[in-house]
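What follows is model_20.json (JSON, C-alpha atoms).
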[["chain", "number", "residue", "atom", "x", "y", "z"],
["A", 1, "MET", "CA", 30.95, -40.75, 23.67],
["A", 2, "SER", "CA", 34.02, -38.54, 23.56],
["A", 3, "GLY", "CA", 35.31, -36.59, 26.49],
["A", 4, "THR", "CA", 35.15, -33.47, 24.36],
["A", 5, "PHE", "CA", 31.37, -33.87, 23.99],
["A", 6, "THR", "CA", 30.94, -34.59, 27.70],
["A", 7, "GLU", "CA", 32.98, -31.55, 28.67],
["A", 8, "GLY", "CA", 31.07, -29.38, 26.19],
["A", 9, "TRP", "CA", 27.79, -30.67, 27.60],
["A", 10, "TYR", "CA", 28.71, -29.69, 31.14],
["A", 11, "ARG", "CA", 30.11, -26.34, 30.03],
["A", 12, "LEU", "CA", 26.79, -25.61, 28.34],
["A", 13, "PHE", "CA", 24.78, -26.17, 31.50],
["A", 14, "LEU", "CA", 27.34, -24.40, 33.66],
["A", 15, "ARG", "CA", 25.99, -21.27, 32.01],
["A", 16, "ALA", "CA", 23.03, -21.57, 34.39],
["A", 17, "PHE", "CA", 25.37, -20.08, 37.02],
["A", 18, "PRO", "CA", 26.07, -16.33, 37.16],
["A", 19, "ARG", "CA", 29.17, -15.21, 35.27],
["A", 20, "ALA", "CA", 31.06, -14.28, 38.43],
["A", 21, "HIS", "CA", 30.34, -17.69, 39.95],
["A", 22, "ARG", "CA", 31.52, -19.46, 36.78],
["A", 23, "GLU", "CA", 34.73, -17.47, 36.73],
["A", 24, "GLU", "CA", 35.52, -18.34, 40.35],
["A", 25, "TYR", "CA", 34.25, -21.91, 40.65],
["A", 26, "GLY", "CA", 33.57, -23.12, 37.10],
["A", 27, "ALA", "CA", 36.86, -24.96, 36.62],
["A", 28, "GLU", "CA", 36.48, -26.70, 39.98],
["A", 29, "ILE", "CA", 32.91, -27.79, 39.25],
["A", 30, "LEU", "CA", 33.84, -29.02, 35.78],
["A", 31, "GLY", "CA", 36.82, -30.93, 37.14],
["A", 32, "THR", "CA", 34.62, -32.66, 39.70],
["A", 33, "LEU", "CA", 32.06, -33.65, 37.06],
["A", 34, "MET", "CA", 34.73, -34.98, 34.68],
["A", 35, "HIS", "CA", 36.71, -36.81, 37.38],
["A", 36, "ASP", "CA", 37.36, -40.52, 36.71],
["A", 37, "ALA", "CA", 34.83, -40.80, 33.88],
["A", 38, "PRO", "CA", 35.60, -38.29, 31.14],
["A", 39, "ARG", "CA", 34.03, -40.43, 28.40],
["A", 40, "ARG", "CA", 30.74, -41.51, 29.95],
["A", 41, "VAL", "CA", 27.34, -40.25, 28.90],
["A", 42, "PRO", "CA", 26.40, -37.15, 30.95],
["A", 43, "SER", "CA", 23.91, -38.13, 33.63],
["A", 44, "LEU", "CA", 20.47, -36.50, 33.50],
["A", 45, "ARG", "CA", 20.52, -36.37, 37.29],
["A", 46, "GLU", "CA", 23.85, -34.52, 37.30],
["A", 47, "THR", "CA", 22.65, -32.18, 34.56],
["A", 48, "ALA", "CA", 19.43, -31.39, 36.42],
["A", 49, "GLY", "CA", 21.40, -30.81, 39.61],
["A", 50, "LEU", "CA", 23.78, -28.52, 37.76],
["A", 51, "VAL", "CA", 20.94, -26.43, 36.32],
["A", 52, "THR", "CA", 19.09, -26.28, 39.64],
["A", 53, "ALA", "CA", 22.21, -25.21, 41.51],
["A", 54, "GLY", "CA", 22.96, -22.64, 38.83],
["A", 55, "PHE", "CA", 19.58, -20.97, 39.03],
["A", 56, "ALA", "CA", 19.69, -21.10, 42.83],
["A", 57, "ALA", "CA", 23.00, -19.22, 42.66],
["A", 58, "ARG", "CA", 21.37, -16.69, 40.31],
["A", 59, "ALA", "CA", 18.49, -16.18, 42.75],
["A", 60, "ARG", "CA", 20.88, -15.57, 45.65],
["A", 61, "ALA", "CA", 22.95, -13.21, 43.51],
["A", 62, "ALA", "CA", 19.78, -11.30, 42.58],
["A", 63, "ALA", "CA", 18.95, -10.90, 46.26],
["A", 64, "GLU", "CA", 22.39, -9.36, 46.82],
["A", 65, "GLY", "CA", 22.13, -6.90, 43.92],
["A", 66, "PRO", "CA", 23.13, -3.24, 44.06],
["A", 67, "ALA", "CA", 19.56, -1.91, 44.40],
["A", 68, "PRO", "CA", 17.42, -2.47, 47.52],
["A", 69, "TRP", "CA", 14.85, -5.26, 47.33],
["A", 70, "TRP", "CA", 11.88, -2.88, 47.02],
["A", 71, "ALA", "CA", 13.43, -1.09, 44.03],
["A", 72, "ASP", "CA", 14.37, -4.33, 42.30],
["A", 73, "GLY", "CA", 10.90, -5.78, 42.93],
["A", 74, "THR", "CA", 9.22, -2.60, 41.71],
["A", 75, "GLN", "CA", 11.34, -2.57, 38.55],
["A", 76, "LEU", "CA", 10.48, -6.20, 37.82],
["A", 77, "GLY", "CA", 6.77, -5.65, 38.50],
["A", 78, "LEU", "CA", 6.68, -2.60, 36.23],
["A", 79, "LEU", "CA", 8.48, -4.58, 33.55],
["A", 80, "THR", "CA", 5.77, -7.26, 33.59],
["A", 81, "LEU", "CA", 3.06, -4.58, 33.29],
["A", 82, "ALA", "CA", 4.91, -2.93, 30.39],
["A", 83, "LEU", "CA", 5.35, -6.28, 28.65],
["A", 84, "ALA", "CA", 1.62, -7.03, 29.00],
["A", 85, "ASN", "CA", 0.80, -3.56, 27.65],
["A", 86, "LEU", "CA", 3.03, -4.14, 24.60],
["A", 87, "ALA", "CA", 1.66, -7.63, 24.00],
["A", 88, "TYR", "CA", -1.94, -6.43, 24.08],
["A", 89, "GLY", "CA", -1.03, -3.51, 21.85],
["A", 90, "VAL", "CA", 0.23, -6.01, 19.28],
["A", 91, "GLY", "CA", -2.95, -8.04, 19.64],
["A", 92, "ASP", "CA", -5.16, -4.98, 19.23],
["A", 93, "HIS", "CA", -3.26, -3.85, 16.10],
["A", 94, "ALA", "CA", -2.33, -0.57, 17.78],
["A", 95, "SER", "CA", -0.61, 2.14, 15.76],
["A", 96, "PRO", "CA", 3.13, 1.78, 15.07],
["A", 97, "TRP", "CA", 3.73, 4.93, 17.14],
["A", 98, "TRP", "CA", 2.01, 3.40, 20.15],
["A", 99, "LEU", "CA", 3.86, 0.11, 19.76],
["A", 100, "ALA", "CA", 7.17, 1.97, 19.44],
["A", 101, "ALA", "CA", 6.56, 3.95, 22.65],
["A", 102, "SER", "CA", 5.48, 0.77, 24.47],
["A", 103, "ALA", "CA", 8.56, -1.09, 23.23],
["A", 104, "MET", "CA", 10.85, 1.75, 24.35],
["A", 105, "LEU", "CA", 9.26, 1.59, 27.81],
["A", 106, "VAL", "CA", 9.95, -2.13, 27.99],
["A", 107, "ILE", "CA", 13.57, -1.61, 26.94],
["A", 108, "ALA", "CA", 14.07, 1.21, 29.47],
["A", 109, "LEU", "CA", 12.82, -1.04, 32.27],
["A", 110, "LEU", "CA", 14.86, -3.99, 31.01],
["A", 111, "ARG", "CA", 18.04, -1.94, 31.13],
["A", 112, "GLY", "CA", 17.21, -0.26, 34.45],
["A", 113, "TRP", "CA", 16.95, 3.26, 33.01],
["A", 114, "ALA", "CA", 14.55, 4.81, 35.51],
["A", 115, "SER", "CA", 14.87, 8.35, 34.12],
["A", 116, "ALA", "CA", 14.07, 7.18, 30.58],
["A", 117, "ALA", "CA", 11.17, 4.99, 31.75],
["A", 118, "LEU", "CA", 9.42, 7.84, 33.58],
["A", 119, "PRO", "CA", 8.21, 9.96, 30.62],
["A", 120, "LEU", "CA", 7.28, 6.85, 28.66],
["A", 121, "ALA", "CA", 5.22, 5.43, 31.54],
["A", 122, "LEU", "CA", 3.49, 8.79, 32.02],
["A", 123, "ALA", "CA", 2.74, 8.93, 28.27],
["A", 124, "VAL", "CA", 1.20, 5.45, 28.35],
["A", 125, "ALA", "CA", -0.93, 6.36, 31.38],
["A", 126, "PHE", "CA", -2.04, 9.62, 29.77],
["A", 127, "SER", "CA", -2.99, 7.96, 26.51],
["A", 128, "THR", "CA", -5.01, 5.14, 28.07],
["A", 129, "SER", "CA", -6.83, 7.53, 30.44],
["A", 130, "ARG", "CA", -7.60, 10.31, 27.96],
["A", 131, "ALA", "CA", -11.24, 9.30, 27.48],
["A", 132, "MET", "CA", -11.84, 9.41, 31.22],
["A", 133, "VAL", "CA", -10.09, 12.76, 31.63],
["A", 134, "PHE", "CA", -11.20, 14.62, 28.50],
["A", 135, "GLY", "CA", -14.40, 12.82, 27.50],
["A", 136, "ALA", "CA", -15.41, 10.22, 24.93],
["A", 137, "GLU", "CA", -14.34, 12.38, 21.98],
["A", 138, "ALA", "CA", -10.72, 11.97, 23.10],
["A", 139, "THR", "CA", -10.95, 8.33, 22.09],
["A", 140, "HIS", "CA", -10.59, 9.40, 18.46],
["A", 141, "TRP", "CA", -7.60, 11.67, 18.88],
["A", 142, "ALA", "CA", -4.61, 11.35, 16.55],
["A", 143, "PRO", "CA", -3.88, 7.80, 15.39],
["A", 144, "PHE", "CA", -0.54, 7.58, 17.22],
["A", 145, "PHE", "CA", -2.47, 7.33, 20.51],
["A", 146, "GLY", "CA", -3.10, 3.84, 21.79],
["A", 147, "PRO", "CA", -6.26, 2.31, 23.26],
["A", 148, "ALA", "CA", -8.44, 4.48, 25.51],
["A", 149, "TYR", "CA", -10.29, 2.99, 28.49],
["A", 150, "HIS", "CA", -13.69, 4.17, 29.68],
["A", 151, "ASP", "CA", -13.64, 3.13, 33.34],
["A", 152, "TRP", "CA", -11.16, 3.92, 36.07],
["A", 153, "ILE", "CA", -10.64, 0.37, 37.30],
["A", 154, "SER", "CA", -9.37, -0.71, 33.87],
["A", 155, "LEU", "CA", -6.73, 1.99, 34.19],
["A", 156, "ALA", "CA", -5.29, 0.55, 37.42],
["A", 157, "PRO", "CA", -2.31, -1.21, 35.74],
["A", 158, "TYR", "CA", -1.39, 1.95, 33.82],
["A", 159, "GLY", "CA", -1.73, 4.15, 36.89],
["A", 160, "LEU", "CA", 0.43, 1.73, 38.84],
["A", 161, "LEU", "CA", 2.95, 1.77, 36.00],
["A", 162, "ALA", "CA", 3.13, 5.57, 36.15],
["A", 163, "VAL", "CA", 3.31, 5.75, 39.97],
["A", 164, "GLY", "CA", 6.02, 3.08, 40.10],
["A", 165, "ALA", "CA", 8.08, 4.89, 37.47],
["A", 166, "VAL", "CA", 7.79, 8.12, 39.47],
["A", 167, "VAL", "CA", 8.93, 6.32, 42.64],
["A", 168, "LEU", "CA", 11.96, 4.76, 40.94],
["A", 169, "ALA", "CA", 12.99, 8.02, 39.28],
["A", 170, "ALA", "CA", 12.47, 10.15, 42.41],
["A", 171, "ALA", "CA", 13.92, 7.79, 45.02],
["A", 172, "ARG", "CA", 17.13, 7.10, 43.03],
["A", 173, "PRO", "CA", 17.73, 3.78, 44.81],
["A", 174, "GLY", "CA", 21.06, 3.13, 43.10],
["A", 175, "ARG", "CA", 21.90, 1.17, 39.99],
["A", 176, "LEU", "CA", 18.93, -0.91, 38.91],
["A", 177, "ARG", "CA", 19.38, -4.39, 37.55],
["A", 178, "THR", "CA", 19.94, -4.97, 33.84],
["A", 179, "ARG", "CA", 17.63, -7.82, 32.92],
["A", 180, "PRO", "CA", 18.14, -10.32, 30.06],
["A", 181, "TRP", "CA", 16.70, -9.79, 26.59],
["A", 182, "TRP", "CA", 14.75, -13.07, 26.66],
["A", 183, "TRP", "CA", 11.89, -11.17, 28.32],
["A", 184, "LEU", "CA", 11.15, -9.84, 24.83],
["A", 185, "ALA", "CA", 9.96, -13.35, 23.92],
["A", 186, "ILE", "CA", 6.59, -12.39, 25.48],
["A", 187, "PRO", "CA", 5.63, -9.62, 23.03],
["A", 188, "ALA", "CA", 7.33, -11.61, 20.25],
["A", 189, "ALA", "CA", 4.92, -14.48, 20.97],
["A", 190, "ALA", "CA", 2.01, -12.05, 20.72],
["A", 191, "PHE", "CA", 3.29, -10.87, 17.35],
["A", 192, "VAL", "CA", 3.54, -14.46, 16.10],
["A", 193, "LEU", "CA", 0.03, -15.28, 17.30],
["A", 194, "VAL", "CA", -1.39, -12.26, 15.51],
["A", 195, "TYR", "CA", 0.43, -12.44, 12.20],
["A", 196, "MET", "CA", 1.36, -16.10, 11.74],
["A", 197, "PRO", "CA", -0.66, -17.69, 8.92],
["A", 198, "GLY", "CA", -3.18, -20.26, 10.12],
["A", 199, "VAL", "CA", -3.69, -18.77, 13.59],
["A", 200, "ARG", "CA", -7.21, -17.38, 13.45],
["A", 201, "GLU", "CA", -8.34, -17.24, 17.05],
["A", 202, "TYR", "CA", -5.83, -14.91, 18.66],
["A", 203, "GLY", "CA", -7.98, -14.39, 21.73],
["A", 204, "THR", "CA", -8.30, -18.04, 22.72],
["A", 205, "VAL", "CA", -4.73, -18.98, 21.89],
["A", 206, "TRP", "CA", -3.29, -15.88, 23.54],
["A", 207, "GLN", "CA", -5.26, -16.47, 26.74],
["A", 208, "LEU", "CA", -3.75, -19.94, 26.97],
["A", 209, "VAL", "CA", -0.26, -18.61, 26.26],
["A", 210, "ARG", "CA", -0.77, -15.81, 28.77],
["A", 211, "ALA", "CA", -1.98, -18.15, 31.52],
["A", 212, "GLY", "CA", 0.88, -20.56, 30.92],
["A", 213, "THR", "CA", 3.48, -17.79, 30.90],
["A", 214, "GLU", "CA", 2.10, -16.23, 34.08],
["A", 215, "GLY", "CA", 2.00, -19.60, 35.81],
["A", 216, "VAL", "CA", 5.60, -20.43, 34.89],
["A", 217, "LEU", "CA", 6.90, -17.02, 35.97],
["A", 218, "LEU", "CA", 5.02, -17.08, 39.28],
["A", 219, "LEU", "CA", 6.21, -20.62, 40.03],
["A", 220, "ALA", "CA", 9.74, -19.46, 39.27],
["A", 221, "GLY", "CA", 9.16, -16.59, 41.69],
["A", 222, "VAL", "CA", 8.00, -18.99, 44.41],
["A", 223, "TRP", "CA", 11.10, -21.11, 43.90],
["A", 224, "ALA", "CA", 13.46, -18.11, 43.85],
["A", 225, "THR", "CA", 11.86, -16.75, 47.02],
["A", 226, "ALA", "CA", 12.27, -20.10, 48.76],
["A", 227, "VAL", "CA", 15.96, -20.17, 47.78],
["A", 228, "ALA", "CA", 16.92, -16.56, 48.48],
["A", 229, "ARG", "CA", 14.31, -15.57, 51.11],
["A", 230, "SER", "CA", 13.84, -12.16, 49.55],
["A", 231, "PRO", "CA", 10.49, -10.34, 49.19],
["A", 232, "ARG", "CA", 11.44, -8.76, 45.84],
["A", 233, "TRP", "CA", 9.66, -11.40, 43.77],
["A", 234, "ALA", "CA", 6.53, -11.22, 45.90],
["A", 235, "LEU", "CA", 6.44, -7.45, 45.41],
["A", 236, "ALA", "CA", 6.86, -7.84, 41.64],
["A", 237, "ALA", "CA", 4.09, -10.44, 41.54],
["A", 238, "ALA", "CA", 1.79, -8.19, 43.57],
["A", 239, "VAL", "CA", 2.35, -5.27, 41.18],
["A", 240, "TYR", "CA", 1.27, -7.49, 38.29],
["A", 241, "VAL", "CA", -1.47, -9.61, 39.87],
["A", 242, "LEU", "CA", -3.35, -7.23, 42.19],
["A", 243, "PRO", "CA", -4.70, -4.77, 39.56],
["A", 244, "ASP", "CA", -6.40, -7.65, 37.75],
["A", 245, "MET", "CA", -7.73, -9.00, 41.05],
["A", 246, "ALA", "CA", -9.15, -5.58, 41.89],
["A", 247, "TYR", "CA", -10.76, -5.35, 38.45],
["A", 248, "ALA", "CA", -12.40, -8.77, 38.92],
["A", 249, "LEU", "CA", -13.73, -7.92, 42.37],
["A", 250, "LEU", "CA", -15.01, -4.43, 41.57],
["A", 251, "THR", "CA", -16.67, -5.37, 38.28],
["A", 252, "GLY", "CA", -18.27, -8.61, 39.42],
["A", 253, "LEU", "CA", -15.85, -10.82, 37.51],
["A", 254, "PRO", "CA", -14.98, -13.61, 37.06],
["A", 255, "THR", "CA", -18.07, -14.80, 35.19],
["A", 256, "SER", "CA", -17.03, -18.42, 34.70],
["A", 257, "ALA", "CA", -15.45, -21.24, 36.64],
["A", 258, "GLN", "CA", -12.46, -21.09, 34.32],
["A", 259, "ASP", "CA", -11.86, -17.40, 35.08],
["A", 260, "ALA", "CA", -12.33, -18.04, 38.79],
["A", 261, "GLY", "CA", -9.82, -20.89, 38.77],
["A", 262, "TYR", "CA", -7.33, -18.81, 36.83],
["A", 263, "ARG", "CA", -7.46, -15.86, 39.22],
["A", 264, "LEU", "CA", -7.50, -18.06, 42.33],
["A", 265, "THR", "CA", -4.39, -19.83, 41.07],
["A", 266, "LEU", "CA", -2.56, -16.54, 40.60],
["A", 267, "ALA", "CA", -3.70, -15.32, 44.01],
["A", 268, "GLY", "CA", -2.61, -18.60, 45.62],
["A", 269, "LEU", "CA", 0.86, -18.40, 44.09],
["A", 270, "LEU", "CA", 1.19, -14.79, 45.24],
["A", 271, "LEU", "CA", 0.19, -15.75, 48.79],
["A", 272, "VAL", "CA", 2.66, -18.65, 48.85],
["A", 273, "MET", "CA", 5.42, -16.37, 47.60],
["A", 274, "THR", "CA", 4.60, -13.73, 50.22],
["A", 275, "ALA", "CA", 4.45, -16.26, 53.05],
["A", 276, "THR", "CA", 7.76, -17.78, 51.97],
["A", 277, "ALA", "CA", 9.43, -14.37, 51.86],
["A", 278, "ILE", "CA", 8.34, -13.30, 55.35],
["A", 279, "ARG", "CA", 8.85, -16.64, 57.14],
["A", 280, "PRO", "CA", 12.49, -16.05, 58.17],
["A", 281, "ALA", "CA", 11.51, -12.79, 59.92],
["A", 282, "GLY", "CA", 8.84, -14.67, 61.84],
["A", 283, "ARG", "CA", 11.32, -17.33, 62.90],
["A", 284, "ALA", "CA", 13.81, -14.72, 64.02],
["A", 285, "LEU", "CA", 11.14, -13.01, 66.07],
["A", 286, "ASN", "CA", 10.04, -16.24, 67.73],
["A", 287, "SER", "CA", 13.59, -17.22, 68.57],
["A", 288, "SER", "CA", 14.61, -13.89, 70.08],
["A", 289, "PRO", "CA", 15.33, -13.84, 73.80],
["A", 290, "GLY", "CA", 12.83, -12.48, 76.29]]

Please rewrite the model in this file as structure tokens.
Amino acid sequence: MSGTFTEGWYRLFLRAFPRAHREEYGAEILGTLMHDAPRRVPSLRETAGLVTAGFAARARAAAEGPAPWWADGTQLGLLTLALANLAYGVGDHASPWWLAASAMLVIALLRGWASAALPLALAVAFSTSRAMVFGAEATHWAPFFGPAYHDWISLAPYGLLAVGAVVLAAARPGRLRTRPWWWLAIPAAAFVLVYMPGVREYGTVWQLVRAGTEGVLLLAGVWATAVARSPRWALAAAVYVLPDMAYALLTGLPTSAQDAGYRLTLAGLLLVMTATAIRPAGRALNSSPG
């Protein structure tokens, strides 16, 4: 195997590191990996170590971002709510106007535009709550409105979305993080599951995709919290998980062992993430003099 391939292989996985880290240390890391054996097959162990170290560096860099941890965690939590709203809008065949507004909200949160996200989040909350505020006839308002919910507990995610957007816009915590475009893979998957020929049971398939996606993201949050010791990921997870937990408790759900296992798993991951984030403070307290 040529040295050119080996070097290209390592350069590819060096992209797991943040850009600033690559610019400062990339040449040194690459030189170490290529030392003495430029033509050997890249080791899977070295590759896995490179990727793990890269994402650990990204987690630490995220914890040192320009915005305070609570603002970054709030932004990330609101983004997950907005993505879920857009994905379910696709699944429910919502109007193009509703999907456009939902997509713009996702993009505003992705780019860290708190001022742009605020009116969009308020519009989403208003639309979903219109039946509760104005009566059942509001359900059939103009077609550009999205789904309308008929109980307050179902509106918890949308209320939290609106409140969080108000907090970010009013507090002005500094420059919010610009997050990568790959987050859009979530609503894109919903679109594929709805419109791809041969996929007939959107509900069943989407529930499996949703559970898998949530599990992967929460496990990533647990790992990032363990590496960086920051509560931002626990806050983001709480923003996303707790409204559904409240809905299940207040409405008597879950109704099956599968639903119970699903929600208990999410709650367990949230608790592990929270405990991991606060552990250093506990250690510092126990080790303080006097």

Counting all atoms listed in the file, which residues of segment 58-126 of chain A fall within 10 Å of segment 180-184 of chain A, and what is the closest atom pair for each with its distance in Å at one decimal, ordered by chain and rising number, as CSV?
residue,atom,partner,partner_atom,distance
A:Leu79,CA,A:Trp183,CA,9.1
A:Thr80,CA,A:Trp183,CA,9.0
A:Leu83,CA,A:Leu184,CA,7.8
A:Leu86,CA,A:Leu184,CA,9.9
A:Ala87,CA,A:Leu184,CA,9.8
A:Ala103,CA,A:Leu184,CA,9.3
A:Val106,CA,A:Leu184,CA,8.4
A:Ile107,CA,A:Trp181,CA,8.8
A:Leu110,CA,A:Pro180,CA,7.2
A:Arg111,CA,A:Pro180,CA,8.4

### Query
Just how far from atom CA of Ala116 of chain A is atom CA of Trp97 of chain A, in Å to one decimal?
17.1 Å

Cut-off 12 Å: closest segment 29-126 of chain A/segment 238-250 of chain A atom pairs per residue, using only C-alpha atoms, as a Markdown table:
| residue | atom | partner | partner_atom | distance |
| --- | --- | --- | --- | --- |
| A:Trp70 | CA | A:Val239 | CA | 11.4 |
| A:Gly73 | CA | A:Val239 | CA | 8.7 |
| A:Thr74 | CA | A:Val239 | CA | 7.4 |
| A:Gln75 | CA | A:Val239 | CA | 9.7 |
| A:Leu76 | CA | A:Val239 | CA | 8.8 |
| A:Gly77 | CA | A:Val239 | CA | 5.2 |
| A:Leu78 | CA | A:Val239 | CA | 7.1 |
| A:Leu79 | CA | A:Tyr240 | CA | 9.1 |
| A:Thr80 | CA | A:Tyr240 | CA | 6.5 |
| A:Leu81 | CA | A:Tyr240 | CA | 6.1 |
| A:Ala82 | CA | A:Tyr240 | CA | 9.8 |
| A:Leu83 | CA | A:Tyr240 | CA | 10.5 |
| A:Ala84 | CA | A:Tyr240 | CA | 9.3 |
| A:Asn85 | CA | A:Tyr240 | CA | 11.4 |

### Task
Just the residues within 12 Å of Ala234 of chain A, please, counting all atoms listed in the file, with nothing from its chain fewer than 2 positions along; format it as JSON, numbers by chain.
{"A": [69, 70, 72, 73, 74, 76, 77, 217, 218, 219, 220, 221, 222, 223, 224, 225, 226, 228, 229, 230, 231, 232, 236, 237, 238, 239, 240, 241, 242, 266, 267, 268, 269, 270, 271, 272, 273, 274, 275, 276, 277, 278]}

### Task
Extract, using only C-alpha atoms, all DNA, RNA and protein residues at most 8 Å from Met132 of chain A, discarding same-chain residues fewer than 4 positions from it, and format them as an MDAnalysis selection string.
chainID A and resid 136 149:152

### Message
So that I can see what lies close to segment 10-13 of chain A, please list as a PyMOL selection string the residues with an atom at most 7 Å from it, counting all atoms listed in the file and leaving out residues fewer than 2 positions away in the same chain.
### Response
chain A and resi 6-8+15-16+30+50-51
